[in-house]
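Student: Pasting a structure here, questions to come.
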Amino acid sequence: MVALNSLDLTVYKGDLFGFIGSNGAGKTTTLRILATFLTPTAGQAIVLGHDVVREADAVRHVIGYMPDFFGVYKDMEVTEYLDFFGACYKIPTAQREKTVNDVLELVGLSEKKGALIGALSRGMQQRLGLARVLIHDPQVLLLDEPASGLDPRARIEMMAILQELQKMGKTIIISSHILSELQTLCNRVAIIERGKLIYSGPVQGVRDQMATGRIVWVRVKSDPEKAIEILKARAEVTEAVTNDGQIKVTLVDHETDHSIVAEALVQGGARVLEVREDELGLEEVFLRVTRGETQ
Amino acid sequence: MTFLPIVERELRVAARQPLAFLLRFFAALIATLFWLTLLGARSATTTPADVGQTFFSVASVLLFIGCAFSGVFLTADAISNEKRDGTLGLLFLTDLRGYDVVLGKLVSSSVRAAYALLGVFPVLALPLLLGGVTAGQFWRVVLTLLITLYLSLAIGIAISALAHQSRTSMGATFLSVLFLAAVLPLLYYVIEDWPVAAHVRFLLLWPNPSFTLACALETPPNLTDYWSSLAVIVTLATAMLVAASLALPRVWQERSRSIRPMRRAQASARFISNPVEWLSIRQQPSALLVWGLLGAVAAIGIAFAIHSVLSPGTGRWMRSSFLLAFVTAFGAHQLVKYMVAAEASRRFSEDLASGAMELLLVTPLTPRQIVEGQRRALWHFACGPLCLCALLNVLLLFLLILKSPFGSASTSFVWHLTTLGGIILLGTDYYALSWLGMWHGLTRKRHHRAVLHTLARVMLPTWIAVFVILTTLGTGGIGMDHVLMFWFTVSVIASVMSGQFAQARLQQDFRRTVRAGVEFQEKPWEWLERLGKQPVAAQEPA
């Protein structure tokens, strides 16, 4: 079985990079390779100039990897857990206490220092996982589904922390199924399916590239049939139909400015109440470009 | 509506698994080979009836030991494992009752063992053709073995329903079986000559399956004791299952309460340079428990040893006390070896299951450091108990020199050899158990399986070898000293080789094994499936 097939991906320094794909598309495999846990059978992966196979040790110092499971020791206290991983990253004992306090503050767990991990809520355990990732101050964060299973408040808080980390200059690669959040959070995204890269670039770019035609919703004061006739007469309009009391207008391409709709209706004598462009979301783009196929 | 749906499902699943059939086949094959060895080794003066009787007795005892301790490895972690995974609650969200789950787990865990036992019974019946064994003896032994298996599995299930950690449930099951099969008869032996013995006889002997086996093998049969003992054991086992069924719907929700902080007493260990060593030391069982248990066993051994010294001359009491001290010391050795196997494999096995091992491997810690940390923590745990066992043997040796309880020089030599060999084996077995334990912990997510495989690899081959040699002794005329020399040599070689193998694998294949994420070497039938297939090229560089 081939998990990744000719995946060619570049993430720039300071990016908050969204990694999108169906279950089994190869997201976790990619992150595990970058984290040096898995070794690719062919090809090369480089993190901050270090090859993940030949210079795995150097890579481990600059990355922080958070898998899609907790991997916690439930009978440990929060500070002990972070202290343990601090020791794994060879942070000097004298410096460790301050580092632990700093990362706990960053993720908002300062009040839970002495709590047992097993007694923490799922959201708190997820935050603790993020604190573990940050313990050695890595430059690149690899986060596999960091918001999965969290309630809306915890999700919003997690996203806020990630934005804060981006401001601190960290490069973050985040895989998630919650595309609406990636849309607002990430500056660049990649979509993969069956181990193949479908798109990689800015979030706006994926919309532009994937959209076949702009959709505009119109509400008129009266006589929608007349308005449809006016719109259909324009060469820039592919289709105009009534839908739930509104008129759905499809333009020929995404280059066409939607102001021509209002202009045509006013010129035709229709009384326009509202003209609204249908924003193509990342979720819709994702559904359009993938077929939901898994390995 | 289906009666006992989980039982039905587990039986269907077991019926489709090749392992159940392969186990039956191999169990019968081993028994047949043993039988043929005995036949081939018999001297001209030995009658076929003698051979049949020897085979029947030895095979019965071996099977009995297997049945008695099957609960430790088959059922002791069956329910506690589900509790740790949080899946037990899902079952109770349905209409299932406690007895559904308990009986389902009992069936799923025992069906392979029961199959293997059924495969051996026809071979066990072969002595009937040669004489020396009656049909009544055969059926009584068969019934005893089945009931012993039932008792052991029921104990495992009952403890598993109450426990949370695998080592707790396995240890408690092991001790419970040991209590019933060894401590109770020992107690009876001690008070045998006292007037009170007649009144407590039924309490000490009837719940004891080894007494049932002794009754089953006896000629002429002691049927009153046999049936009484059997009835008590069945009642006891059933009561345990009922108790587990009643308790389970109440205790499965206690998961959050079962999470307890690690011991503060060892917090100073955080300054140890290797974090894995620190982690492993912190999660070891409490010293109070370990030393309490070992101290109790050692105290019994020492008490018998002192009694042996104080007994006048070389009479029955002196020899008996020495033998009991020896058996107790032997028990202490086995207990320590079990603890070493359990502790060596636990850390890696649990980290593999929870995913923590993946997190450790993306830190700058090297596999060598991880293994070294675990090895040092294990030594921290085992050093004291190993020394205690060695001291017990030294005490026995001192007794042998001081009192010479067995008179003749050749017999004394055998005992000297056994006692000294025990100390040497303690060292070599520790070496093998520690490395193999770590290796099996890394390849098996279920801790009880890792312990079982570790013990089986280190202890079983030499035990089988010595049983075969011992049984041929009666028919072939080999000296006991030669048998012992053979045993020690084979044990030392086997332990060193097993340890070397595991050490090499841990040092070379640590990452690859964790990456594989599958329990390879887990399925004994895989080698059959590999026959005729091309070898698969390694996909990852070393």
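Simple scheme: letters A, B, ... for chains in structure tokens order, numbers from 1 for residues in each chain, numbers from 1 for ligands in the order shown.
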Give me the residues near Ala182 in chain B as a PyMOL selection string, where near means some atom within 12 Å (using only C-alpha atoms) and where sequence neighbours in that chain fewer than 2 positions away do not count.

Tutor: chain B and resi 65+68+174-180+184-189+204-205+207-211+297+324+327-328+331

Student: If we count only C-alpha atoms, which residues of chain A reach to within 10 Å of chain B? Please list them as number ranges by chain.

Tutor: A: 32, 34-42, 53, 56-61, 63-77, 80-81, 83-90, 93, 115-119, 132-133, 136

Student: Suppose we keep N, CA and C atoms; can you now write the selection as a short mmCIF file (atom, residue, chain, number, x, y, z; two decimals), in the first residue's frame?

Tutor:
data_model
loop_
_atom_site.label_atom_id
_atom_site.label_comp_id
_atom_site.auth_asym_id
_atom_site.auth_seq_id
_atom_site.Cartn_x
_atom_site.Cartn_y
_atom_site.Cartn_z
N ARG A 32 3.89 12.30 10.54
CA ARG A 32 4.78 11.35 11.23
C ARG A 32 6.15 11.29 10.56
N LEU A 34 7.52 13.83 8.97
CA LEU A 34 8.19 15.10 9.33
C LEU A 34 8.66 15.07 10.79
N ALA A 35 7.93 14.30 11.62
CA ALA A 35 8.31 14.20 13.03
C ALA A 35 9.41 13.17 13.27
N THR A 36 9.88 12.53 12.21
CA THR A 36 10.94 11.48 12.23
C THR A 36 10.47 10.17 12.83
N PHE A 37 9.19 10.04 13.07
CA PHE A 37 8.71 8.77 13.61
C PHE A 37 8.67 7.70 12.53
N LEU A 38 8.21 8.07 11.34
CA LEU A 38 8.22 7.15 10.21
C LEU A 38 9.32 7.56 9.25
N THR A 39 9.83 6.59 8.51
CA THR A 39 10.86 6.88 7.52
C THR A 39 10.27 6.65 6.13
N PRO A 40 10.42 7.60 5.22
CA PRO A 40 9.84 7.38 3.89
C PRO A 40 10.60 6.29 3.14
N THR A 41 9.89 5.50 2.35
CA THR A 41 10.57 4.46 1.56
C THR A 41 11.28 5.08 0.37
N ALA A 42 10.81 6.24 -0.06
CA ALA A 42 11.46 6.95 -1.16
C ALA A 42 11.23 8.44 -0.96
N VAL A 53 15.63 11.91 7.64
CA VAL A 53 16.20 10.56 7.82
C VAL A 53 17.66 10.66 8.28
N ALA A 56 17.98 13.08 11.65
CA ALA A 56 16.75 12.95 12.46
C ALA A 56 16.92 13.62 13.83
N ASP A 57 18.09 13.47 14.41
CA ASP A 57 18.29 14.03 15.75
C ASP A 57 18.17 15.55 15.75
N ALA A 58 18.74 16.17 14.70
CA ALA A 58 18.65 17.64 14.59
C ALA A 58 17.20 18.06 14.39
N VAL A 59 16.47 17.27 13.61
CA VAL A 59 15.05 17.60 13.35
C VAL A 59 14.25 17.53 14.64
N ARG A 60 14.54 16.49 15.45
CA ARG A 60 13.77 16.31 16.70
C ARG A 60 13.90 17.51 17.64
N HIS A 61 15.04 18.20 17.55
CA HIS A 61 15.23 19.36 18.41
C HIS A 61 14.41 20.58 17.95
N ILE A 63 11.45 20.43 16.08
CA ILE A 63 10.01 20.22 15.87
C ILE A 63 9.30 19.85 17.18
N GLY A 64 8.02 20.15 17.20
CA GLY A 64 7.17 19.69 18.30
C GLY A 64 6.00 18.96 17.65
N TYR A 65 5.82 17.70 18.01
CA TYR A 65 4.81 16.87 17.35
C TYR A 65 3.69 16.50 18.32
N MET A 66 2.49 16.80 17.90
CA MET A 66 1.32 16.46 18.72
C MET A 66 0.43 15.52 17.91
N PRO A 67 0.41 14.23 18.26
CA PRO A 67 -0.41 13.28 17.49
C PRO A 67 -1.89 13.44 17.79
N ASP A 68 -2.70 12.66 17.11
CA ASP A 68 -4.15 12.80 17.30
C ASP A 68 -4.66 11.98 18.49
N PHE A 69 -3.74 11.52 19.34
CA PHE A 69 -4.14 10.87 20.59
C PHE A 69 -3.35 11.54 21.71
N PHE A 70 -3.75 11.30 22.94
CA PHE A 70 -3.11 12.03 24.04
C PHE A 70 -1.74 11.48 24.40
N GLY A 71 -1.65 10.17 24.58
CA GLY A 71 -0.38 9.56 24.98
C GLY A 71 0.11 10.08 26.31
N VAL A 72 -0.81 10.25 27.23
CA VAL A 72 -0.42 10.82 28.53
C VAL A 72 -0.34 9.72 29.59
N TYR A 73 0.37 10.03 30.66
CA TYR A 73 0.43 9.13 31.81
C TYR A 73 -0.60 9.65 32.81
N LYS A 74 -1.72 8.94 32.88
CA LYS A 74 -2.86 9.51 33.61
C LYS A 74 -2.63 9.65 35.10
N ASP A 75 -1.71 8.85 35.65
CA ASP A 75 -1.48 8.95 37.09
C ASP A 75 -0.34 9.91 37.43
N MET A 76 0.01 10.76 36.49
CA MET A 76 1.04 11.78 36.73
C MET A 76 0.39 13.13 36.94
N GLU A 77 1.08 13.99 37.65
CA GLU A 77 0.59 15.37 37.76
C GLU A 77 1.03 16.16 36.53
N GLU A 80 4.64 17.26 36.54
CA GLU A 80 5.55 16.11 36.43
C GLU A 80 5.65 15.65 34.98
N TYR A 81 4.50 15.66 34.33
CA TYR A 81 4.46 15.22 32.93
C TYR A 81 5.34 16.12 32.06
N ASP A 83 7.68 18.11 33.15
CA ASP A 83 9.05 18.00 33.65
C ASP A 83 9.74 16.78 33.02
N PHE A 84 8.98 15.69 32.91
CA PHE A 84 9.52 14.47 32.31
C PHE A 84 9.93 14.72 30.86
N PHE A 85 9.04 15.35 30.10
CA PHE A 85 9.38 15.60 28.68
C PHE A 85 10.47 16.66 28.56
N GLY A 86 10.51 17.59 29.52
CA GLY A 86 11.62 18.55 29.54
C GLY A 86 12.95 17.84 29.69
N ALA A 87 12.95 16.81 30.56
CA ALA A 87 14.17 16.01 30.75
C ALA A 87 14.52 15.24 29.48
N CYS A 88 13.47 14.75 28.79
CA CYS A 88 13.72 14.03 27.53
C CYS A 88 14.39 14.96 26.51
N TYR A 89 14.03 16.23 26.54
CA TYR A 89 14.64 17.19 25.60
C TYR A 89 15.92 17.80 26.17
N LYS A 90 16.36 17.21 27.29
CA LYS A 90 17.63 17.60 27.91
C LYS A 90 17.66 19.06 28.35
N THR A 93 17.91 20.88 34.61
CA THR A 93 16.96 20.80 35.73
C THR A 93 16.61 22.19 36.28
N ALA A 115 -2.71 19.14 39.29
CA ALA A 115 -3.82 18.21 39.03
C ALA A 115 -3.30 16.92 38.38
N LEU A 116 -4.03 15.84 38.63
CA LEU A 116 -3.69 14.58 37.96
C LEU A 116 -4.18 14.64 36.52
N ILE A 117 -3.38 14.15 35.61
CA ILE A 117 -3.75 14.24 34.20
C ILE A 117 -5.06 13.50 33.92
N GLY A 118 -5.22 12.34 34.57
CA GLY A 118 -6.42 11.54 34.35
C GLY A 118 -7.70 12.26 34.77
N ALA A 119 -7.54 13.26 35.64
CA ALA A 119 -8.72 13.98 36.12
C ALA A 119 -9.03 15.20 35.26
N ARG A 132 3.20 20.29 26.10
CA ARG A 132 4.31 19.34 25.93
C ARG A 132 5.07 19.63 24.65
N VAL A 133 4.31 19.94 23.60
CA VAL A 133 4.94 20.23 22.31
C VAL A 133 5.85 21.46 22.41
N HIS A 136 10.22 22.52 24.65
CA HIS A 136 11.61 22.77 24.24
C HIS A 136 11.70 23.92 23.23
#

Student: Set the distance at 9 Å and use only C-alpha atoms: which residues neighbour Ala190 in chain A once local chain neighbours fewer than 3 positions away are removed? I'd like the list as a PDB file with C-alpha atoms, in the first residue's frame.

Tutor:
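Written output follows (out12.pdb):
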ATOM      1  CA  LEU A   9       4.947  20.281  -0.512  1.00  0.00           C
ATOM      2  CA  PHE A  17      -0.381  25.819   7.250  1.00  0.00           C
ATOM      3  CA  GLY A  18      -3.611  23.822   7.063  1.00  0.00           C
ATOM      4  CA  PHE A  19      -3.397  20.232   5.967  1.00  0.00           C
ATOM      5  CA  ILE A  20      -6.701  18.969   4.641  1.00  0.00           C
ATOM      6  CA  GLY A  21      -7.767  15.527   3.490  1.00  0.00           C
ATOM      7  CA  LEU A 197      -1.395  16.533  -3.511  1.00  0.00           C
ATOM      8  CA  ILE A 198      -4.400  18.226  -5.084  1.00  0.00           C
ATOM      9  CA  TYR A 199      -3.743  21.790  -4.095  1.00  0.00           C
ATOM     10  CA  SER A 200      -1.165  23.749  -2.111  1.00  0.00           C
ATOM     11  CA  GLY A 201      -1.184  27.525  -1.737  1.00  0.00           C
ATOM     12  CA  PRO A 202      -3.045  30.466  -0.195  1.00  0.00           C
ATOM     13  CA  VAL A 203      -6.577  29.897   1.097  1.00  0.00           C
ATOM     14  CA  VAL A 206      -7.887  27.544  -3.623  1.00  0.00           C
TER      15      VAL A 206
END

Student: What gap, in Å, lies between CA of Gln369 in chain B and CA of Asp137 in chain A?

Tutor: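 Distance reported for this atom pair: 22.4 Å.
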
Student: Can you work out which one of A:Ile230, A:Leu16, A:Leu4, A:Ala154 has the shortest atom-to-atom distance to Lys167 in chain A, counting only C-alpha atoms?

Tutor: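 Using only C-alpha atoms, Lys167 in chain A sits closest to A:Leu16.
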
Student: One decimal, Å: what's the distance from CA of Tyr431 in chain B over to CA of Leu460 in chain B, could you say?

Tutor: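 Straight-line distance from CA of Tyr431 in chain B to CA of Leu460 in chain B works out to 15.9 Å.
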
Student: Can you tell me which residues surround Val252 in chain A at a distance of at most 8 Å, considering only C-alpha atoms, apart from same-chain residues fewer than 3 positions away, and format the answer as a PyMOL selection string?

Tutor: chain A and resi 213-214+236-238+256

Student: Find the spatial neighbours of Ser259 in chain A, counting only C-alpha atoms, within a cut-off of 10 Å - ignore same-chain residues fewer than 6 positions away - and output them as number ranges by chain.

Tutor: A: 216, 275-277

Student: Atoms to include: C-alpha atoms. Write the selected residues as a compact mmCIF listing (two decimals), in the first residue's frame.

Tutor:
# COMPACT_ATOMS: atom_id res chain seq x y z
CA VAL A 216 -24.91 35.92 -6.53
CA VAL A 275 -27.44 41.74 -3.82
CA ARG A 276 -25.16 39.27 -2.01
CA GLU A 277 -22.30 37.20 -3.32

Student: Determine the nearest neighbour of Gly26 in chain A from the options A:Ala3, A:Val78, A:Val11, A:Ile173, counting only C-alpha atoms.

Tutor: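 Closest candidate: A:Ala3.
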
Student: Please report, as a list in words, each residue of range 74-210 of chain A to which DSSP assigns strand (DSSP E or B) when run on this structure's backbone.

Tutor: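 In range 74-210 of chain A, DSSP puts these residues in strand (DSSP E or B): Glu77, Leu116, Val140, Leu141, Leu142, Leu143, Asp144, Thr171, Ile172, Ile173, Ile174, Ser175, Arg188, Val189, Ala190, Ile191, Ile192, Glu193, Lys196, Leu197, Ile198, Tyr199, Ser200, Gly201 and Pro202 of chain A.
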
Student: Quick one: residues within 12 Å of Asp223 in chain A, only C-alpha atoms counted, chain neighbours fewer than 6 positions away excluded, as a ChimeraX atom specification?

Tutor: /A:229-230,242,245-247,265,269-272

Student: Quick one: residues within 12 Å of Ser148 in chain A, only C-alpha atoms counted, chain neighbours fewer than 3 positions away excluded, as a list in words?

Tutor: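 Once the adjacent positions are removed, what remains is Pro67, Asp68, Phe69, Phe70, Arg122, Gly123, Gln125, Gln126, Arg127, Leu143, Asp144, Glu145, Asp151, Pro152, Ala154, Arg155, Ile156, Met158, Met159, Ile174, Ser175, Ser176, His177, Ile178, Leu179 and Glu181 of chain A.
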